[in-house]
file query29.cif (mmCIF, C-alpha atoms)
data_coords
#
loop_
_atom_site.label_atom_id
_atom_site.label_comp_id
_atom_site.auth_asym_id
_atom_site.auth_seq_id
_atom_site.Cartn_x
_atom_site.Cartn_y
_atom_site.Cartn_z
CA MET N 30 38.52 46.16 57.10
CA LYS N 31 37.19 47.44 60.40
CA PRO N 32 34.82 45.22 62.44
CA PHE N 33 31.88 47.66 62.18
CA THR N 34 32.29 47.71 58.37
CA LEU N 35 32.09 43.90 58.20
CA LEU N 36 28.99 43.97 60.37
CA ALA N 37 27.31 46.53 58.13
CA VAL N 38 28.06 44.54 54.97
CA SER N 39 26.84 41.32 56.59
CA SER N 40 23.60 42.98 57.71
CA SER N 41 22.99 44.37 54.23
CA LEU N 42 23.45 40.93 52.66
CA MET N 43 21.05 39.36 55.16
CA LEU N 44 18.45 42.06 54.49
CA TRP N 45 18.79 41.60 50.71
CA GLY N 46 18.41 37.84 51.16
CA CYS N 47 15.19 38.28 53.14
CA GLN N 48 13.81 40.60 50.50
CA PHE N 49 14.68 38.11 47.77
CA ARG N 50 12.91 35.26 49.58
CA THR N 51 9.81 37.39 50.02
CA LEU N 52 9.73 38.20 46.31
CA ASP N 53 10.25 34.54 45.45
CA GLU N 54 7.37 33.55 47.73
CA ASP N 55 5.15 36.14 46.04
CA LEU N 56 5.93 34.73 42.62
CA SER N 57 5.30 31.18 43.80
CA GLY N 58 1.66 31.96 44.47
CA THR N 59 1.30 33.12 48.05
CA ALA N 60 0.67 36.69 46.93
CA LEU N 61 0.26 36.63 43.16
CA SER N 62 -0.44 40.00 41.61
CA GLU N 63 -3.63 40.48 39.62
CA THR N 64 -1.63 40.51 36.39
CA ALA N 65 0.28 37.37 37.31
CA THR N 66 -2.98 35.62 38.21
CA GLU N 67 -4.57 36.60 34.91
CA ASP N 68 -1.52 35.33 33.04
CA PHE N 69 -1.52 32.05 34.98
CA CYS N 70 -5.23 31.48 34.44
CA THR N 71 -5.15 32.20 30.71
CA ASP N 72 -5.88 28.88 29.00
CA TYR N 73 -5.70 27.18 32.42
CA HIS N 74 -6.65 23.50 32.23
CA TRP N 75 -6.95 21.92 35.65
CA GLU N 76 -5.19 18.62 36.29
CA TYR N 77 -4.40 16.20 39.10
CA GLU N 78 -0.62 16.64 38.86
CA GLY N 79 2.00 19.03 37.52
CA ASP N 80 1.70 22.81 37.25
CA HIS N 81 -2.12 22.74 37.35
CA ALA N 82 -2.50 20.28 40.25
CA PRO N 83 -5.18 20.65 42.97
CA ASP N 84 -3.12 23.08 45.05
CA THR N 85 -3.43 25.61 42.20
CA TRP N 86 -7.15 25.23 41.50
CA SER N 87 -8.20 28.00 43.87
CA ILE N 88 -6.05 30.54 42.00
CA CYS N 89 -8.31 30.32 38.96
CA TYR N 90 -11.44 28.92 40.64
CA GLY N 91 -11.86 30.86 43.88
CA THR N 92 -14.54 28.58 45.31
CA CYS N 93 -11.99 25.73 45.38
CA GLY N 94 -10.53 27.54 48.40
CA GLY N 95 -13.89 27.76 50.17
CA ASP N 96 -14.86 26.57 53.65
CA ALA N 97 -17.14 23.69 52.59
CA GLN N 98 -14.98 21.74 50.17
CA SER N 99 -14.91 18.05 49.33
CA PRO N 100 -13.68 15.38 49.70
CA VAL N 101 -13.05 15.00 53.43
CA ASP N 102 -11.66 12.43 55.80
CA ILE N 103 -14.59 10.84 57.65
CA TRP N 104 -13.67 10.79 61.31
CA ASN N 105 -15.83 10.59 64.44
CA PRO N 106 -19.25 11.05 62.78
CA LEU N 107 -22.38 11.81 64.81
CA THR N 108 -24.79 8.84 64.68
CA ASP N 109 -28.27 10.04 63.72
CA ASN N 110 -30.80 7.35 62.86
CA SER N 111 -33.46 9.98 62.23
CA LEU N 112 -31.84 10.29 58.81
CA GLN N 113 -33.75 8.59 56.02
CA THR N 114 -32.76 5.29 54.46
CA ILE N 115 -31.18 5.38 51.01
CA HIS N 116 -33.15 3.38 48.46
CA PRO N 117 -33.08 5.10 45.04
CA ASP N 118 -35.47 4.08 42.29
CA TYR N 119 -32.99 3.33 39.50
CA GLU N 120 -33.92 1.97 36.08
CA GLU N 121 -31.76 -0.31 33.94
CA VAL N 122 -30.95 1.81 30.89
CA PRO N 123 -28.56 1.97 27.93
CA THR N 124 -25.62 4.08 29.02
CA ASP N 125 -23.21 6.34 27.14
CA ILE N 126 -19.63 5.86 28.35
CA ILE N 127 -17.22 8.79 27.93
CA ASN N 128 -13.56 9.45 28.67
CA ASN N 129 -13.45 13.22 29.28
CA GLY N 130 -9.76 13.35 30.15
CA HIS N 131 -10.40 13.52 33.90
CA THR N 132 -12.51 10.39 34.47
CA VAL N 133 -14.60 7.70 32.84
CA GLU N 134 -18.20 8.88 33.01
CA CYS N 135 -21.38 6.91 32.37
CA GLU N 136 -24.27 9.18 31.35
CA TYR N 137 -27.65 7.98 32.56
CA GLU N 138 -30.97 8.34 30.77
CA PRO N 139 -33.69 10.40 32.54
CA GLY N 140 -36.11 8.76 34.96
CA SER N 141 -34.01 7.34 37.82
CA ILE N 142 -34.80 9.15 41.07
CA LEU N 143 -33.34 9.50 44.56
CA MET N 144 -35.76 11.00 47.07
CA LEU N 145 -33.88 13.07 49.64
CA ASN N 146 -35.56 15.15 52.35
CA GLY N 147 -38.80 15.03 50.40
CA LEU N 148 -37.26 16.29 47.15
CA PRO N 149 -36.61 14.29 43.96
CA TYR N 150 -33.04 14.17 42.66
CA GLU N 151 -32.56 12.65 39.21
CA LEU N 152 -29.50 10.54 38.44
CA LEU N 153 -27.48 12.30 35.73
CA GLN N 154 -24.30 10.26 35.57
CA PHE N 155 -21.77 8.29 37.54
CA HIS N 156 -17.99 8.40 37.29
CA PHE N 157 -14.89 6.96 38.95
CA HIS N 158 -11.87 8.08 40.95
CA ALA N 159 -8.74 5.96 41.52
CA GLY N 160 -7.96 5.95 44.44
CA SER N 161 -10.86 7.04 46.51
CA GLU N 162 -11.37 10.74 47.18
CA HIS N 163 -13.06 10.35 50.55
CA THR N 164 -11.16 8.51 53.23
CA VAL N 165 -12.42 6.88 56.43
CA ARG N 166 -10.24 7.49 59.48
CA GLY N 167 -7.36 8.06 57.10
CA LYS N 168 -7.92 4.92 55.03
CA GLN N 169 -8.02 5.37 51.26
CA TYR N 170 -9.71 2.76 49.08
CA PRO N 171 -8.40 1.88 45.59
CA LEU N 172 -11.52 3.12 43.76
CA GLU N 173 -14.60 5.26 44.41
CA VAL N 174 -17.68 5.80 42.25
CA HIS N 175 -19.78 8.96 42.45
CA LEU N 176 -23.45 8.82 41.45
CA VAL N 177 -24.46 12.40 40.68
CA HIS N 178 -28.11 13.48 41.13
CA ARG N 179 -29.70 16.90 40.62
CA ASN N 180 -32.86 18.53 41.89
CA VAL N 181 -34.21 20.58 39.00
CA ALA N 182 -36.07 23.11 41.16
CA THR N 183 -33.12 24.08 43.35
CA GLY N 184 -30.15 23.22 41.14
CA LYS N 185 -28.59 21.46 44.14
CA LEU N 186 -26.85 18.10 43.83
CA ALA N 187 -26.90 14.89 45.86
CA VAL N 188 -23.93 12.63 45.24
CA ILE N 189 -23.65 9.06 46.49
CA GLY N 190 -20.09 7.85 46.95
CA VAL N 191 -19.30 4.13 47.06
CA PHE N 192 -15.91 2.59 47.82
CA PHE N 193 -14.44 -0.49 46.16
CA GLN N 194 -12.12 -2.95 47.84
CA ARG N 195 -10.18 -5.87 46.41
CA GLY N 196 -12.09 -9.14 46.28
CA ARG N 197 -14.24 -11.02 43.84
CA SER N 198 -14.90 -9.78 40.32
CA ASN N 199 -17.65 -7.17 39.93
CA PRO N 200 -20.08 -7.78 37.04
CA ILE N 201 -21.07 -4.12 36.53
CA LEU N 202 -17.43 -3.03 36.44
CA GLN N 203 -16.75 -5.76 33.92
CA THR N 204 -19.58 -4.48 31.73
CA ILE N 205 -18.04 -1.00 31.79
CA MET N 206 -14.55 -2.39 31.18
CA ASP N 207 -15.78 -4.24 28.09
CA HIS N 208 -16.65 -0.81 26.63
CA MET N 209 -13.94 1.22 28.35
CA PRO N 210 -12.95 4.38 26.42
CA LEU N 211 -9.19 4.39 26.85
CA GLN N 212 -8.31 7.81 25.42
CA GLU N 213 -9.61 11.31 26.13
CA GLY N 214 -12.50 12.06 23.84
CA ASP N 215 -13.44 8.43 23.25
CA HIS N 216 -17.22 7.98 23.50
CA TYR N 217 -19.32 4.86 23.22
CA ALA N 218 -23.02 5.64 22.77
CA SER N 219 -25.56 3.25 24.34
CA ALA N 220 -22.60 1.00 25.01
CA ALA N 221 -24.11 -1.07 27.80
CA HIS N 222 -27.33 -1.61 29.73
CA ILE N 223 -26.63 -0.79 33.37
CA ASP N 224 -28.70 -0.74 36.55
CA ALA N 225 -26.95 1.70 38.89
CA ASP N 226 -28.53 -0.02 41.89
CA ASN N 227 -25.86 -2.70 41.42
CA LEU N 228 -23.26 -0.10 42.42
CA LEU N 229 -24.72 0.19 45.92
CA PRO N 230 -23.82 -2.14 48.80
CA ASP N 231 -26.52 -4.30 50.38
CA ASN N 232 -25.90 -2.63 53.73
CA ARG N 233 -27.03 0.99 53.43
CA THR N 234 -25.20 2.50 56.41
CA TYR N 235 -23.92 5.87 55.23
CA TYR N 236 -22.26 9.15 56.18
CA THR N 237 -23.62 12.52 55.08
CA TYR N 238 -22.36 16.09 55.13
CA SER N 239 -22.61 19.34 53.16
CA GLY N 240 -19.82 19.84 50.66
CA SER N 241 -18.81 20.60 47.12
CA LEU N 242 -17.92 19.25 43.74
CA THR N 243 -14.47 17.65 43.96
CA THR N 244 -13.37 19.22 40.66
CA PRO N 245 -13.41 22.83 39.45
CA PRO N 246 -15.44 24.97 39.79
CA CYS N 247 -15.80 23.23 43.21
CA SER N 248 -19.33 24.61 43.71
CA GLU N 249 -20.54 24.18 47.30
CA ILE N 250 -23.96 22.80 46.36
CA VAL N 251 -23.63 19.11 47.22
CA THR N 252 -25.25 16.92 49.84
CA TRP N 253 -22.81 14.04 50.11
CA ILE N 254 -23.95 10.51 50.94
CA VAL N 255 -20.92 8.25 51.37
CA MET N 256 -21.71 4.59 51.87
CA ASP N 257 -19.91 2.96 54.79
CA LYS N 258 -19.60 -0.54 53.32
CA PRO N 259 -17.46 -1.00 50.21
CA ILE N 260 -18.32 -3.27 47.31
CA PHE N 261 -15.87 -5.66 45.67
CA ALA N 262 -13.74 -5.54 42.55
CA SER N 263 -11.02 -7.91 41.42
CA GLN N 264 -7.40 -6.79 41.35
CA ALA N 265 -7.46 -6.99 37.55
CA GLN N 266 -10.49 -4.67 37.46
CA LEU N 267 -8.92 -2.21 39.88
CA ASP N 268 -5.72 -2.20 37.81
CA ALA N 269 -7.68 -1.60 34.60
CA PHE N 270 -9.39 1.48 36.04
CA ASP N 271 -6.16 2.78 37.56
CA ASN N 272 -4.37 2.46 34.22
CA VAL N 273 -6.99 4.71 32.60
CA LEU N 274 -7.71 7.12 35.47
CA HIS N 275 -4.13 7.70 36.70
CA ASP N 276 -4.73 8.71 40.34
CA ASN N 277 -7.52 11.17 39.54
CA PHE N 278 -8.37 12.05 43.14
CA ARG N 279 -8.39 15.39 44.93
CA PRO N 280 -6.72 15.35 48.37
CA VAL N 281 -9.02 15.59 51.38
CA GLN N 282 -10.03 19.11 52.39
CA PRO N 283 -10.42 20.74 55.84
CA ILE N 284 -13.70 19.96 57.57
CA ASN N 285 -13.91 23.54 58.95
CA GLY N 286 -16.41 22.76 61.70
CA ARG N 287 -18.89 20.87 59.54
CA THR N 288 -20.77 17.96 61.09
CA ILE N 289 -20.61 14.53 59.49
CA ARG N 290 -23.64 12.43 60.42
CA LYS N 291 -24.01 8.67 60.17
CA ARG N 292 -27.10 6.53 59.69
CA VAL N 293 -26.69 2.89 60.70
CA ASP N 294 -28.65 0.38 58.64
#

call {"tool": "encode", "arguments": {"input": "query29.cif", "output": "structure tokens"}}
result
Amino acid sequence: MKPFTLLAVSSSLMLWGCQFRTLDEDLSGTALSETATEDFCTDYHWEYEGDHAPDTWSICYGTCGGDAQSPVDIWNPLTDNSLQTIHPDYEEVPTDIINNGHTVECEYEPGSILMLNGLPYELLQFHFHAGSEHTVRGKQYPLEVHLVHRNVATGKLAVIGVFFQRGRSNPILQTIMDHMPLQEGDHYASAAHIDADNLLPDNRTYYTYSGSLTTPPCSEIVTWIVMDKPIFASQAQLDAFDNVLHDNFRPVQPINGRTIRKRVD
């Protein structure tokens, strides 16, 4: 075969290979067609691993690819002691404990209020992530609790995040563990009397920024308040939550120019 013929065949094969890779990339999700997206999102059930892991959430929930997503890595915050102190008025109440397949959630009775920027936010529920969703200068904690509050007038949320680190046994975690729903759909009504104030550290130094829900639909309606100081849990308690929650954390998201502020207690 003549040299120019070999060159032509080789060039054709290279061109076909490039076209094949481009098509493969399209099918993998970088440029999904409308039909392929509809097919993928039919009966879509978001998860933390596998085919419906966090890197696919934005395909079916567009806001999950937004510019103000959570969680984030907390790095180089701006100290601002004009920020208010955090002292919610929580009541001790009987609490429903639910395993919804994504987390263990404790539903709170009405009447516990966080005042934030002059507006009342009522505590709706708190739930857990193992390991932590937020990180601090790249450090991930073994467990994080989110206390979710809502302002009725605006529909906006204020979520307090608290880290746990290994140490002495934690009484409130033990109370929850004693009524832990182990399987999805398990629900224990009025299972335990809990005062959510016991989930907050004594030192109220915190970080705050504007962000989102950390699960679909990832709505960007959250003022985040992440406590700087962790509280303790025993290794046995951390293991018990990890065995039920199975690494239910979303990876940190780009900060995209947002400012993280810090109030020092």

call {"tool": "closest_residue", "arguments": {"input": "query29.cif", "among": "N:Gly196, N:Pro230, N:Pro280, N:Pro210", "to": "Phe261 (chain N)", "atoms": "all atoms listed in the file"}}
result
N:Gly196

call {"tool": "resolve_selection", "arguments": {"input": "query29.cif", "expression": "the PyMOL selection byres ((chain N and resi 198) around 9)", "output": "ChimeraX atom specification"}}
result
/N:195-197,199-200,202-203,261-266

call {"tool": "atom_distance", "arguments": {"input": "query29.cif", "atom1": "CA of Arg287 (chain N)", "atom2": "CA of Ala187 (chain N)"}}
result
16.9 Å

call {"tool": "resolve_selection", "arguments": {"input": "query29.cif", "expression": "the PyMOL selection byres ((chain N and resi 154-168) around 7)", "output": "ChimeraX atom specification"}}
result
/N:100-104,132-137,152-153,169-177,192,271,274-281

call {"tool": "write_last_selection", "arguments": {"input": "query29.cif", "atoms": "C-alpha atoms", "output": "PDB file, in the coordinates of the input"}}
result
ATOM      1  CA  PRO N 100     -13.680  15.380  49.700  1.00  0.00           C
ATOM      2  CA  VAL N 101     -13.050  15.000  53.430  1.00  0.00           C
ATOM      3  CA  ASP N 102     -11.660  12.430  55.800  1.00  0.00           C
ATOM      4  CA  ILE N 103     -14.590  10.840  57.650  1.00  0.00           C
ATOM      5  CA  TRP N 104     -13.670  10.790  61.310  1.00  0.00           C
ATOM      6  CA  THR N 132     -12.510  10.390  34.470  1.00  0.00           C
ATOM      7  CA  VAL N 133     -14.600   7.700  32.840  1.00  0.00           C
ATOM      8  CA  GLU N 134     -18.200   8.880  33.010  1.00  0.00           C
ATOM      9  CA  CYS N 135     -21.380   6.910  32.370  1.00  0.00           C
ATOM     10  CA  GLU N 136     -24.270   9.180  31.350  1.00  0.00           C
ATOM     11  CA  TYR N 137     -27.650   7.980  32.560  1.00  0.00           C
ATOM     12  CA  LEU N 152     -29.500  10.540  38.440  1.00  0.00           C
ATOM     13  CA  LEU N 153     -27.480  12.300  35.730  1.00  0.00           C
ATOM     14  CA  GLN N 169      -8.020   5.370  51.260  1.00  0.00           C
ATOM     15  CA  TYR N 170      -9.710   2.760  49.080  1.00  0.00           C
ATOM     16  CA  PRO N 171      -8.400   1.880  45.590  1.00  0.00           C
ATOM     17  CA  LEU N 172     -11.520   3.120  43.760  1.00  0.00           C
ATOM     18  CA  GLU N 173     -14.600   5.260  44.410  1.00  0.00           C
ATOM     19  CA  VAL N 174     -17.680   5.800  42.250  1.00  0.00           C
ATOM     20  CA  HIS N 175     -19.780   8.960  42.450  1.00  0.00           C
ATOM     21  CA  LEU N 176     -23.450   8.820  41.450  1.00  0.00           C
ATOM     22  CA  VAL N 177     -24.460  12.400  40.680  1.00  0.00           C
ATOM     23  CA  PHE N 192     -15.910   2.590  47.820  1.00  0.00           C
ATOM     24  CA  ASP N 271      -6.160   2.780  37.560  1.00  0.00           C
ATOM     25  CA  LEU N 274      -7.710   7.120  35.470  1.00  0.00           C
ATOM     26  CA  HIS N 275      -4.130   7.700  36.700  1.00  0.00           C
ATOM     27  CA  ASP N 276      -4.730   8.710  40.340  1.00  0.00           C
ATOM     28  CA  ASN N 277      -7.520  11.170  39.540  1.00  0.00           C
ATOM     29  CA  PHE N 278      -8.370  12.050  43.140  1.00  0.00           C
ATOM     30  CA  ARG N 279      -8.390  15.390  44.930  1.00  0.00           C
ATOM     31  CA  PRO N 280      -6.720  15.350  48.370  1.00  0.00           C
ATOM     32  CA  VAL N 281      -9.020  15.590  51.380  1.00  0.00           C
TER      33      VAL N 281
END

call {"tool": "resolve_selection", "arguments": {"input": "query29.cif", "expression": "the PyMOL selection byres ((chain N and resi 117) around 9)", "output": "PyMOL selection string"}}
result
chain N and resi 115-116+118-119+141-144+226

call {"tool": "atom_distance", "arguments": {"input": "query29.cif", "atom1": "CA of Gly79 (chain N)", "atom2": "CA of Glu67 (chain N)"}}
result
18.9 Å
